[in-house]
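Heads up, my_file-v7.csv below (CSV, N, CA, C and O atoms and all ligand atoms):
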chain,number,residue,atom,x,y,z
V,1017,MET,N,0.8,-1.2,0.0
V,1017,MET,CA,0.0,0.0,0.0
V,1017,MET,C,0.9,1.3,0.0
V,1017,MET,O,1.7,1.4,0.9
V,1018,PRO,N,0.7,2.2,-1.0
V,1018,PRO,CA,1.5,3.4,-1.0
V,1018,PRO,C,1.2,4.3,0.2
V,1018,PRO,O,0.1,4.4,0.7
V,1019,GLU,N,2.3,4.8,0.8
V,1019,GLU,CA,2.2,5.8,1.9
V,1019,GLU,C,2.7,7.1,1.3
V,1019,GLU,O,3.7,7.2,0.7
V,1020,LEU,N,1.9,8.2,1.6
V,1020,LEU,CA,2.3,9.5,1.1
V,1020,LEU,C,1.9,10.5,2.1
V,1020,LEU,O,1.3,10.2,3.1
V,1021,THR,N,2.4,11.7,1.9
V,1021,THR,CA,2.2,12.8,2.8
V,1021,THR,C,1.3,13.9,2.2
V,1021,THR,O,1.6,14.3,1.1
V,1022,LEU,N,0.2,14.2,2.8
V,1022,LEU,CA,-0.7,15.2,2.3
V,1022,LEU,C,-0.7,16.4,3.3
V,1022,LEU,O,-1.2,16.3,4.4
V,1023,ASP,N,-0.1,17.5,2.8
V,1023,ASP,CA,0.0,18.7,3.7
V,1023,ASP,C,0.6,18.3,5.1
V,1023,ASP,O,0.1,18.8,6.1
V,1024,GLY,N,1.5,17.4,5.1
V,1024,GLY,CA,2.2,17.0,6.3
V,1024,GLY,C,1.5,15.9,7.0
V,1024,GLY,O,2.1,15.4,8.0
V,1025,LEU,N,0.4,15.4,6.6
V,1025,LEU,CA,-0.3,14.3,7.2
V,1025,LEU,C,0.0,13.0,6.4
V,1025,LEU,O,-0.2,12.9,5.2
V,1026,ARG,N,0.6,12.0,7.2
V,1026,ARG,CA,0.9,10.8,6.5
V,1026,ARG,C,-0.3,9.9,6.4
V,1026,ARG,O,-1.0,9.7,7.4
V,1027,VAL,N,-0.5,9.4,5.2
V,1027,VAL,CA,-1.7,8.5,5.0
V,1027,VAL,C,-1.2,7.3,4.1
V,1027,VAL,O,-0.2,7.3,3.5
V,1028,THR,N,-2.1,6.3,4.2
V,1028,THR,CA,-1.9,5.1,3.3
V,1028,THR,C,-3.1,5.2,2.3
V,1028,THR,O,-4.2,5.4,2.7
V,1029,ALA,N,-2.7,4.9,1.1
V,1029,ALA,CA,-3.7,4.9,0.0
V,1029,ALA,C,-3.8,3.6,-0.7
V,1029,ALA,O,-2.9,2.8,-0.6
V,1030,ARG,N,-5.0,3.3,-1.3
V,1030,ARG,CA,-5.1,2.1,-2.0
V,1030,ARG,C,-4.3,2.1,-3.3
V,1030,ARG,O,-4.4,3.2,-4.0
V,1031,PRO,N,-3.6,1.1,-3.7
V,1031,PRO,CA,-2.9,1.1,-4.9
V,1031,PRO,C,-3.9,1.3,-6.1
V,1031,PRO,O,-5.0,0.8,-6.1
V,1032,GLY,N,-3.5,2.1,-7.1
V,1032,GLY,CA,-4.3,2.3,-8.3
V,1032,GLY,C,-5.2,3.5,-8.1
V,1032,GLY,O,-6.0,3.8,-9.1
V,1033,THR,N,-5.3,4.1,-7.0
V,1033,THR,CA,-6.2,5.3,-6.8
V,1033,THR,C,-5.4,6.5,-7.2
V,1033,THR,O,-4.2,6.5,-7.5
V,1034,THR,N,-6.1,7.7,-7.1
V,1034,THR,CA,-5.4,8.9,-7.5
V,1034,THR,C,-5.1,9.8,-6.3
V,1034,THR,O,-5.6,9.5,-5.2
V,1035,VAL,N,-4.2,10.7,-6.5
V,1035,VAL,CA,-3.9,11.7,-5.4
V,1035,VAL,C,-5.2,12.4,-5.0
V,1035,VAL,O,-5.4,12.7,-3.8
V,1036,LEU,N,-6.1,12.7,-6.0
V,1036,LEU,CA,-7.3,13.4,-5.6
V,1036,LEU,C,-8.1,12.5,-4.7
V,1036,LEU,O,-8.7,13.0,-3.7
V,1037,ALA,N,-8.2,11.2,-4.9
V,1037,ALA,CA,-9.0,10.3,-4.0
V,1037,ALA,C,-8.4,10.3,-2.7
V,1037,ALA,O,-9.1,10.3,-1.6
V,1038,ALA,N,-7.0,10.3,-2.6
V,1038,ALA,CA,-6.4,10.3,-1.3
V,1038,ALA,C,-6.7,11.6,-0.5
V,1038,ALA,O,-6.9,11.6,0.7
V,1039,LEU,N,-6.6,12.7,-1.2
V,1039,LEU,CA,-7.0,14.0,-0.6
V,1039,LEU,C,-8.4,14.0,-0.1
V,1039,LEU,O,-8.7,14.4,1.1
V,1040,GLN,N,-9.3,13.6,-0.9
V,1040,GLN,CA,-10.7,13.6,-0.5
V,1040,GLN,C,-11.0,12.6,0.6
V,1040,GLN,O,-11.7,12.9,1.5
V,1041,ASN,N,-10.3,11.4,0.6
V,1041,ASN,CA,-10.5,10.4,1.7
V,1041,ASN,C,-10.0,11.0,3.0
V,1041,ASN,O,-10.5,10.6,4.0
V,1042,ALA,N,-9.0,11.8,2.9
V,1042,ALA,CA,-8.4,12.4,4.1
V,1042,ALA,C,-9.2,13.7,4.6
V,1042,ALA,O,-8.9,14.3,5.6
V,1043,GLY,N,-10.3,14.0,3.8
V,1043,GLY,CA,-11.1,15.2,4.2
V,1043,GLY,C,-10.4,16.5,3.9
V,1043,GLY,O,-10.8,17.5,4.5
V,1044,LEU,N,-9.4,16.5,3.0
V,1044,LEU,CA,-8.7,17.7,2.8
V,1044,LEU,C,-9.3,18.5,1.6
V,1044,LEU,O,-9.1,18.2,0.4
V,1045,SER,N,-10.1,19.4,1.9
V,1045,SER,CA,-10.8,20.3,0.9
V,1045,SER,C,-10.9,21.7,1.6
V,1045,SER,O,-11.2,21.8,2.8
V,1046,PRO,N,-10.8,22.7,0.8
V,1046,PRO,CA,-10.6,22.8,-0.7
V,1046,PRO,C,-9.1,22.4,-1.1
V,1046,PRO,O,-8.3,22.2,-0.2
V,1047,LEU,N,-8.9,22.2,-2.4
V,1047,LEU,CA,-7.6,21.9,-2.9
V,1047,LEU,C,-6.8,23.1,-3.1
V,1047,LEU,O,-5.6,23.0,-3.1
V,1048,ARG,N,-7.4,24.2,-3.4
V,1048,ARG,CA,-6.7,25.4,-3.7
V,1048,ARG,C,-7.6,26.6,-3.6
V,1048,ARG,O,-8.8,26.5,-3.3
V,1049,ARG,N,-7.0,27.8,-3.8
V,1049,ARG,CA,-7.8,29.1,-3.8
V,1049,ARG,C,-7.7,29.7,-5.1
V,1049,ARG,O,-6.7,29.7,-5.8
V,1050,SER,N,-8.8,30.4,-5.5
V,1050,SER,CA,-8.8,31.1,-6.8
V,1050,SER,C,-8.0,32.4,-6.6
V,1050,SER,O,-7.6,32.8,-5.5
V,1051,LEU,N,-7.8,33.2,-7.6
V,1051,LEU,CA,-7.1,34.4,-7.5
V,1051,LEU,C,-7.8,35.4,-6.6
V,1051,LEU,O,-7.1,36.2,-6.0
V,1052,SER,N,-9.1,35.3,-6.4
V,1052,SER,CA,-9.8,36.2,-5.5
V,1052,SER,C,-9.9,35.5,-4.1
V,1052,SER,O,-10.6,36.1,-3.3
V,1053,GLY,N,-9.3,34.4,-3.9
V,1053,GLY,CA,-9.3,33.7,-2.6
V,1053,GLY,C,-10.4,32.8,-2.3
V,1053,GLY,O,-10.6,32.2,-1.2
V,1054,GLU,N,-11.3,32.5,-3.4
V,1054,GLU,CA,-12.4,31.6,-3.2
V,1054,GLU,C,-11.9,30.1,-3.1
V,1054,GLU,O,-11.0,29.8,-3.8
V,1055,PRO,N,-12.5,29.3,-2.3
V,1055,PRO,CA,-12.1,27.9,-2.2
V,1055,PRO,C,-12.5,27.2,-3.5
V,1055,PRO,O,-13.6,27.4,-4.0
V,1056,ARG,N,-11.6,26.3,-4.0
V,1056,ARG,CA,-11.8,25.6,-5.2
V,1056,ARG,C,-11.5,24.1,-5.0
V,1056,ARG,O,-10.7,23.7,-4.2
V,1057,GLY,N,-12.2,23.2,-5.7
V,1057,GLY,CA,-12.0,21.8,-5.6
V,1057,GLY,C,-12.3,21.1,-7.0
V,1057,GLY,O,-12.7,21.8,-7.9
V,1058,ALA,N,-12.2,19.8,-7.0
V,1058,ALA,CA,-12.3,19.1,-8.2
V,1058,ALA,C,-13.8,19.2,-8.8
V,1058,ALA,O,-14.7,19.1,-8.0
V,1059,LEU,N,-13.9,19.4,-10.1
V,1059,LEU,CA,-15.2,19.5,-10.7
V,1059,LEU,C,-15.4,18.3,-11.6
V,1059,LEU,O,-16.5,17.6,-11.5
V,1060,CYS,N,-14.5,18.1,-12.6
V,1060,CYS,CA,-14.8,17.1,-13.6
V,1060,CYS,C,-14.4,15.7,-13.2
V,1060,CYS,O,-15.0,14.7,-13.6
V,1061,GLY,N,-13.3,15.6,-12.5
V,1061,GLY,CA,-12.7,14.3,-12.1
V,1061,GLY,C,-12.1,13.5,-13.3
V,1061,GLY,O,-11.8,12.3,-13.1
V,1062,MET,N,-11.9,14.2,-14.4
V,1062,MET,CA,-11.4,13.5,-15.6
V,1062,MET,C,-10.3,14.3,-16.4
V,1062,MET,O,-10.1,14.0,-17.6
V,1063,GLY,N,-9.7,15.3,-15.7
V,1063,GLY,CA,-8.6,16.0,-16.3
V,1063,GLY,C,-8.9,17.1,-17.2
V,1063,GLY,O,-8.1,17.6,-17.9
V,1064,THR,N,-10.2,17.6,-17.2
V,1064,THR,CA,-10.6,18.7,-18.1
V,1064,THR,C,-10.6,20.0,-17.5
V,1064,THR,O,-10.1,21.0,-18.1
V,1065,CYS,N,-11.0,20.2,-16.2
V,1065,CYS,CA,-11.2,21.5,-15.7
V,1065,CYS,C,-10.0,22.1,-15.0
V,1065,CYS,O,-9.9,23.3,-14.8
V,1066,SER,N,-9.0,21.3,-14.6
V,1066,SER,CA,-7.8,21.8,-13.9
V,1066,SER,C,-8.1,22.4,-12.6
V,1066,SER,O,-7.2,23.0,-12.0
V,1067,GLU,N,-9.3,22.2,-12.0
V,1067,GLU,CA,-9.6,22.8,-10.7
V,1067,GLU,C,-9.0,22.0,-9.6
V,1067,GLU,O,-9.0,22.4,-8.4
V,1068,CYS,N,-8.5,20.8,-9.9
V,1068,CYS,CA,-8.0,19.9,-8.8
V,1068,CYS,C,-6.4,20.0,-8.6
V,1068,CYS,O,-5.8,19.1,-8.0
V,1069,ARG,N,-5.9,21.1,-9.1
V,1069,ARG,CA,-4.4,21.2,-9.1
V,1069,ARG,C,-3.9,21.2,-7.7
V,1069,ARG,O,-4.4,21.8,-6.8
V,1070,ALA,N,-2.7,20.5,-7.5
V,1070,ALA,CA,-2.0,20.6,-6.3
V,1070,ALA,C,-0.5,20.3,-6.6
V,1070,ALA,O,-0.2,20.0,-7.8
V,1071,VAL,N,0.4,20.5,-5.7
V,1071,VAL,CA,1.8,20.3,-6.0
V,1071,VAL,C,2.2,18.9,-5.4
V,1071,VAL,O,2.0,18.6,-4.2
V,1072,VAL,N,2.7,18.1,-6.3
V,1072,VAL,CA,3.2,16.7,-5.9
V,1072,VAL,C,4.6,16.6,-6.2
V,1072,VAL,O,5.1,16.8,-7.4
V,1073,ASP,N,5.4,16.4,-5.2
V,1073,ASP,CA,6.9,16.4,-5.3
V,1073,ASP,C,7.4,17.6,-6.0
V,1073,ASP,O,8.3,17.5,-6.9
V,1074,GLY,N,6.9,18.8,-5.7
V,1074,GLY,CA,7.4,20.0,-6.3
V,1074,GLY,C,6.8,20.4,-7.7
V,1074,GLY,O,7.2,21.4,-8.2
V,1075,VAL,N,5.9,19.6,-8.2
V,1075,VAL,CA,5.4,19.9,-9.5
V,1075,VAL,C,3.9,20.0,-9.5
V,1075,VAL,O,3.2,19.2,-8.8
V,1076,THR,N,3.4,21.1,-10.1
V,1076,THR,CA,1.9,21.3,-10.1
V,1076,THR,C,1.3,20.3,-11.1
V,1076,THR,O,1.7,20.2,-12.2
V,1077,VAL,N,0.3,19.5,-10.6
V,1077,VAL,CA,-0.3,18.5,-11.4
V,1077,VAL,C,-1.9,18.6,-11.2
V,1077,VAL,O,-2.4,19.2,-10.3
V,1078,ARG,N,-2.6,17.9,-12.1
V,1078,ARG,CA,-4.0,17.7,-11.9
V,1078,ARG,C,-4.1,16.4,-11.1
V,1078,ARG,O,-3.8,15.3,-11.6
V,1079,THR,N,-4.6,16.5,-9.9
V,1079,THR,CA,-4.6,15.4,-9.0
V,1079,THR,C,-5.5,14.2,-9.4
V,1079,THR,O,-5.2,13.1,-9.1
V,1080,CYS,N,-6.5,14.6,-10.2
V,1080,CYS,CA,-7.4,13.5,-10.6
V,1080,CYS,C,-6.8,12.6,-11.7
V,1080,CYS,O,-7.3,11.5,-11.9
V,1081,LEU,N,-5.6,13.0,-12.3
V,1081,LEU,CA,-4.9,12.2,-13.2
V,1081,LEU,C,-3.6,11.6,-12.7
V,1081,LEU,O,-2.9,11.0,-13.4
V,1082,THR,N,-3.4,11.9,-11.4
V,1082,THR,CA,-2.1,11.5,-10.9
V,1082,THR,C,-2.2,10.3,-9.9
V,1082,THR,O,-2.9,10.4,-8.9
V,1083,PRO,N,-1.7,9.2,-10.3
V,1083,PRO,CA,-1.8,8.0,-9.4
V,1083,PRO,C,-1.0,8.2,-8.2
V,1083,PRO,O,0.1,8.8,-8.2
V,1084,VAL,N,-1.4,7.6,-7.1
V,1084,VAL,CA,-0.6,7.6,-5.9
V,1084,VAL,C,0.6,6.7,-6.0
V,1084,VAL,O,0.6,5.7,-6.7
V,1085,ARG,N,1.7,7.2,-5.5
V,1085,ARG,CA,2.9,6.4,-5.4
V,1085,ARG,C,3.5,6.5,-4.0
V,1085,ARG,O,3.3,7.5,-3.4
V,1086,ASN,N,4.2,5.5,-3.6
V,1086,ASN,CA,4.8,5.5,-2.3
V,1086,ASN,C,5.8,6.7,-2.2
V,1086,ASN,O,6.6,7.0,-3.1
V,1087,GLY,N,5.7,7.4,-1.1
V,1087,GLY,CA,6.7,8.5,-0.8
V,1087,GLY,C,6.3,9.9,-1.3
V,1087,GLY,O,7.1,10.8,-1.2
V,1088,GLN,N,5.2,10.0,-2.0
V,1088,GLN,CA,4.8,11.3,-2.6
V,1088,GLN,C,4.6,12.3,-1.5
V,1088,GLN,O,4.1,12.0,-0.4
V,1089,ASP,N,5.0,13.6,-1.8
V,1089,ASP,CA,4.7,14.7,-0.9
V,1089,ASP,C,3.7,15.6,-1.7
V,1089,ASP,O,4.0,16.2,-2.7
V,1090,VAL,N,2.5,15.7,-1.1
V,1090,VAL,CA,1.4,16.5,-1.8
V,1090,VAL,C,1.1,17.7,-1.0
V,1090,VAL,O,1.0,17.6,0.3
V,1091,ARG,N,1.1,18.8,-1.7
V,1091,ARG,CA,0.7,20.1,-1.0
V,1091,ARG,C,-0.4,20.8,-1.7
V,1091,ARG,O,-0.4,20.9,-3.0
V,1092,ARG,N,-1.4,21.2,-1.0
V,1092,ARG,CA,-2.5,21.9,-1.6
V,1092,ARG,C,-2.1,23.4,-1.9
V,1092,ARG,O,-1.1,23.9,-1.3
V,1093,LEU,N,-2.8,24.0,-2.8
V,1093,LEU,CA,-2.4,25.4,-3.2
V,1093,LEU,C,-3.4,26.4,-2.5
V,1093,LEU,O,-4.3,26.9,-3.1
V,1094,LEU,N,-3.2,26.5,-1.2
V,1094,LEU,CA,-4.2,27.3,-0.4
V,1094,LEU,C,-3.9,28.8,-0.3
V,1094,LEU,O,-4.7,29.6,0.1
V,1095,GLU,N,-2.7,29.2,-0.8
V,1095,GLU,CA,-2.4,30.6,-0.7
V,1095,GLU,C,-2.7,31.2,-2.1
V,1095,GLU,O,-2.4,30.5,-3.1
V,1096,VAL,N,-3.3,32.4,-2.2
V,1096,VAL,CA,-3.6,33.0,-3.4
V,1096,VAL,C,-2.3,33.3,-4.1
V,1096,VAL,O,-1.4,33.9,-3.6
V,1097,ASN,N,-2.1,32.8,-5.4
V,1097,ASN,CA,-0.9,33.0,-6.1
V,1097,ASN,C,-1.3,33.7,-7.5
V,1097,ASN,O,-1.9,33.1,-8.3
V,1098,ARG,N,-0.9,34.9,-7.6
V,1098,ARG,CA,-1.2,35.7,-8.8
V,1098,ARG,C,-0.2,35.6,-9.9
V,1098,ARG,O,-0.2,36.3,-10.9
V,1099,ASP,N,0.8,34.7,-9.7
V,1099,ASP,CA,1.8,34.5,-10.7
V,1099,ASP,C,1.4,33.6,-11.9
V,1099,ASP,O,2.1,33.5,-12.9
V,1100,PHE,N,0.2,32.9,-11.8
V,1100,PHE,CA,-0.2,32.1,-12.9
V,1100,PHE,C,-0.8,32.9,-14.0
V,1100,PHE,O,-1.5,33.8,-13.8
Y,1201,LIG,S1,-11.1,17.4,-11.4
Y,1201,LIG,FE1,-11.1,18.4,-13.3
Y,1201,LIG,S2,-9.0,18.3,-14.0
Y,1201,LIG,FE2,-9.1,17.2,-12.2

Kindly transcribe the structure held in the file into C-alpha cells.
Ligand code: FES
Amino acid sequence: MPELTLDGLRVTARPGTTVLAALQNAGLSPLRRSLSGEPRGALCGMGTCSECRAVVDGVTVRTCLTPVRNGQDVRRLLEVNRDF
C-alpha cells in the first residue's frame, strides 16, 4: 500500500487510486484558492477542468490524473498566487 504525505499528514492509500482520491478520503478540501481567494475543488474528475491542481513532489499536477505512489509529498495550493 502506498504511503504518502498530504500537507504534512501521513496517509496510506489504496494502490491504483489517484492523489485526488487520497486527498478527498483524508477530508482535505478545498484543494486550492482562486485568484480572488475563493475555495476551489475538483469539478470534472477526468482531467478537463484543472480545478484539482496541487503540488506533488514540487510539480503542479492535476490530482485526478495523478496515481498515488509511495513516498509522494502532496501540498494543496491554499495561498492565493497571482503568478499564474
Ligand atoms: S477534477 Fe477536473 S481536471 Fe481534475

- Message: To one decimal place in Å, what is the distance between atom CA of Met1017 of chain V and atom CA of Thr1033 of chain V?
- Response: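 Separating atom CA of Met1017 of chain V from atom CA of Thr1033 of chain V is a distance of 10.6 Å.
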
Kindly assemble as a Markdown table a list of the chain V residues that lie within 7 Å of ligand LIG 1201 (chain Y), each paired with its nearest atom pair and their distance in Å to one decimal, using all atoms listed in the file, sorted first by chain and then by ascending residue number.
| residue | atom | partner | partner_atom | distance |
| --- | --- | --- | --- | --- |
| V:Gly1057 | O | Y:LIG1201 | S1 | 5.8 |
| V:Ala1058 | CA | Y:LIG1201 | S1 | 3.8 |
| V:Leu1059 | N | Y:LIG1201 | S1 | 3.7 |
| V:Cys1060 | N | Y:LIG1201 | FE1 | 3.5 |
| V:Gly1061 | N | Y:LIG1201 | S1 | 3.0 |
| V:Met1062 | N | Y:LIG1201 | FE1 | 4.4 |
| V:Gly1063 | CA | Y:LIG1201 | S2 | 3.3 |
| V:Thr1064 | N | Y:LIG1201 | S2 | 3.5 |
| V:Cys1065 | N | Y:LIG1201 | FE1 | 3.4 |
| V:Ser1066 | N | Y:LIG1201 | S2 | 3.1 |
| V:Glu1067 | N | Y:LIG1201 | S2 | 4.4 |
| V:Cys1068 | N | Y:LIG1201 | FE2 | 4.3 |
| V:Arg1069 | N | Y:LIG1201 | FE2 | 5.9 |
| V:Arg1078 | CA | Y:LIG1201 | FE2 | 5.1 |
| V:Thr1079 | N | Y:LIG1201 | FE2 | 5.1 |
| V:Cys1080 | N | Y:LIG1201 | FE2 | 4.2 |
| V:Leu1081 | N | Y:LIG1201 | FE2 | 5.5 |

Can you tell me, as a CSV table (one decimal) with N, CA, C and O atoms, keeping the file's coordinate frame, what residues are no more than 7 Å from Asp1023 of chain V when counting all atoms listed in the file, ignoring any on the same chain fewer than 4 positions away?
chain,number,residue,atom,x,y,z
V,1089,ASP,N,5.0,13.6,-1.8
V,1089,ASP,CA,4.7,14.7,-0.9
V,1089,ASP,C,3.7,15.6,-1.7
V,1089,ASP,O,4.0,16.2,-2.7
V,1090,VAL,N,2.5,15.7,-1.1
V,1090,VAL,CA,1.4,16.5,-1.8
V,1090,VAL,C,1.1,17.7,-1.0
V,1090,VAL,O,1.0,17.6,0.3
V,1091,ARG,N,1.1,18.8,-1.7
V,1091,ARG,CA,0.7,20.1,-1.0
V,1091,ARG,C,-0.4,20.8,-1.7
V,1091,ARG,O,-0.4,20.9,-3.0
V,1092,ARG,N,-1.4,21.2,-1.0
V,1092,ARG,CA,-2.5,21.9,-1.6
V,1092,ARG,C,-2.1,23.4,-1.9
V,1092,ARG,O,-1.1,23.9,-1.3

- If you run DSSP over the backbone, which residues in chain V end up helix (DSSP H, G or I)? Put them as JSON, numbers by chain. {"V": [1035, 1036, 1037, 1038, 1039, 1040, 1041, 1079, 1080, 1081]}

Residues of segment 1018-1074 of chain V in strand (DSSP E), written as an mmCIF file with N, CA, C and O atoms, in the coordinates of the input:
data_model
loop_
_atom_site.group_PDB
_atom_site.id
_atom_site.type_symbol
_atom_site.label_atom_id
_atom_site.label_comp_id
_atom_site.auth_asym_id
_atom_site.auth_seq_id
_atom_site.Cartn_x
_atom_site.Cartn_y
_atom_site.Cartn_z
ATOM 1 N N GLU V 1019 2.300 4.800 0.800
ATOM 2 C CA GLU V 1019 2.200 5.800 1.900
ATOM 3 C C GLU V 1019 2.700 7.100 1.300
ATOM 4 O O GLU V 1019 3.700 7.200 0.700
ATOM 5 N N LEU V 1020 1.900 8.200 1.600
ATOM 6 C CA LEU V 1020 2.300 9.500 1.100
ATOM 7 C C LEU V 1020 1.900 10.500 2.100
ATOM 8 O O LEU V 1020 1.300 10.200 3.100
ATOM 9 N N THR V 1021 2.400 11.700 1.900
ATOM 10 C CA THR V 1021 2.200 12.800 2.800
ATOM 11 C C THR V 1021 1.300 13.900 2.200
ATOM 12 O O THR V 1021 1.600 14.300 1.100
ATOM 13 N N LEU V 1022 0.200 14.200 2.800
ATOM 14 C CA LEU V 1022 -0.700 15.200 2.300
ATOM 15 C C LEU V 1022 -0.700 16.400 3.300
ATOM 16 O O LEU V 1022 -1.200 16.300 4.400
ATOM 17 N N LEU V 1025 0.400 15.400 6.600
ATOM 18 C CA LEU V 1025 -0.300 14.300 7.200
ATOM 19 C C LEU V 1025 0.000 13.000 6.400
ATOM 20 O O LEU V 1025 -0.200 12.900 5.200
ATOM 21 N N ARG V 1026 0.600 12.000 7.200
ATOM 22 C CA ARG V 1026 0.900 10.800 6.500
ATOM 23 C C ARG V 1026 -0.300 9.900 6.400
ATOM 24 O O ARG V 1026 -1.000 9.700 7.400
ATOM 25 N N VAL V 1027 -0.500 9.400 5.200
ATOM 26 C CA VAL V 1027 -1.700 8.500 5.000
ATOM 27 C C VAL V 1027 -1.200 7.300 4.100
ATOM 28 O O VAL V 1027 -0.200 7.300 3.500
ATOM 29 N N THR V 1028 -2.100 6.300 4.200
ATOM 30 C CA THR V 1028 -1.900 5.100 3.300
ATOM 31 C C THR V 1028 -3.100 5.200 2.300
ATOM 32 O O THR V 1028 -4.200 5.400 2.700
ATOM 33 N N ARG V 1048 -7.400 24.200 -3.400
ATOM 34 C CA ARG V 1048 -6.700 25.400 -3.700
ATOM 35 C C ARG V 1048 -7.600 26.600 -3.600
ATOM 36 O O ARG V 1048 -8.800 26.500 -3.300
ATOM 37 N N ARG V 1049 -7.000 27.800 -3.800
ATOM 38 C CA ARG V 1049 -7.800 29.100 -3.800
ATOM 39 C C ARG V 1049 -7.700 29.700 -5.100
ATOM 40 O O ARG V 1049 -6.700 29.700 -5.800
ATOM 41 N N PRO V 1055 -12.500 29.300 -2.300
ATOM 42 C CA PRO V 1055 -12.100 27.900 -2.200
ATOM 43 C C PRO V 1055 -12.500 27.200 -3.500
ATOM 44 O O PRO V 1055 -13.600 27.400 -4.000
ATOM 45 N N ARG V 1056 -11.600 26.300 -4.000
ATOM 46 C CA ARG V 1056 -11.800 25.600 -5.200
ATOM 47 C C ARG V 1056 -11.500 24.100 -5.000
ATOM 48 O O ARG V 1056 -10.700 23.700 -4.200
ATOM 49 N N ARG V 1069 -5.900 21.100 -9.100
ATOM 50 C CA ARG V 1069 -4.400 21.200 -9.100
ATOM 51 C C ARG V 1069 -3.900 21.200 -7.700
ATOM 52 O O ARG V 1069 -4.400 21.800 -6.800
ATOM 53 N N ALA V 1070 -2.700 20.500 -7.500
ATOM 54 C CA ALA V 1070 -2.000 20.600 -6.300
ATOM 55 C C ALA V 1070 -0.500 20.300 -6.600
ATOM 56 O O ALA V 1070 -0.200 20.000 -7.800
ATOM 57 N N VAL V 1071 0.400 20.500 -5.700
ATOM 58 C CA VAL V 1071 1.800 20.300 -6.000
ATOM 59 C C VAL V 1071 2.200 18.900 -5.400
ATOM 60 O O VAL V 1071 2.000 18.600 -4.200
ATOM 61 N N VAL V 1072 2.700 18.100 -6.300
ATOM 62 C CA VAL V 1072 3.200 16.700 -5.900
ATOM 63 C C VAL V 1072 4.600 16.600 -6.200
ATOM 64 O O VAL V 1072 5.100 16.800 -7.400
#

- Item | Contact residues around Asn1086 of chain V with all atoms listed in the file at 7 Å, ignoring same-chain residues under 4 positions, as a list in words | Met1017, Pro1018, Glu1019 and Leu1020 of chain V

Residue subset to file, keeping N, CA, C and O atoms, as a compact mmCIF listing (two decimals), keeping the file's coordinate frame:
# COMPACT_ATOMS: atom_id res chain seq x y z
N MET V 1017 0.80 -1.20 0.00
CA MET V 1017 0.00 0.00 0.00
C MET V 1017 0.90 1.30 0.00
O MET V 1017 1.70 1.40 0.90
N PRO V 1018 0.70 2.20 -1.00
CA PRO V 1018 1.50 3.40 -1.00
C PRO V 1018 1.20 4.30 0.20
O PRO V 1018 0.10 4.40 0.70
N GLU V 1019 2.30 4.80 0.80
CA GLU V 1019 2.20 5.80 1.90
C GLU V 1019 2.70 7.10 1.30
O GLU V 1019 3.70 7.20 0.70
N LEU V 1020 1.90 8.20 1.60
CA LEU V 1020 2.30 9.50 1.10
C LEU V 1020 1.90 10.50 2.10
O LEU V 1020 1.30 10.20 3.10

- Using all atoms listed in the file: which of V:Val1084, V:Leu1022, V:Val1077, V:Val1071 has the shortest distance to Thr1034 of chain V: V:Val1084

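Using only C-alpha atoms, the smallest distance between any of V:Arg1085, V:Arg1056, V:Thr1076, V:Val1027 and Leu1039 of chain V comes from V:Val1027.
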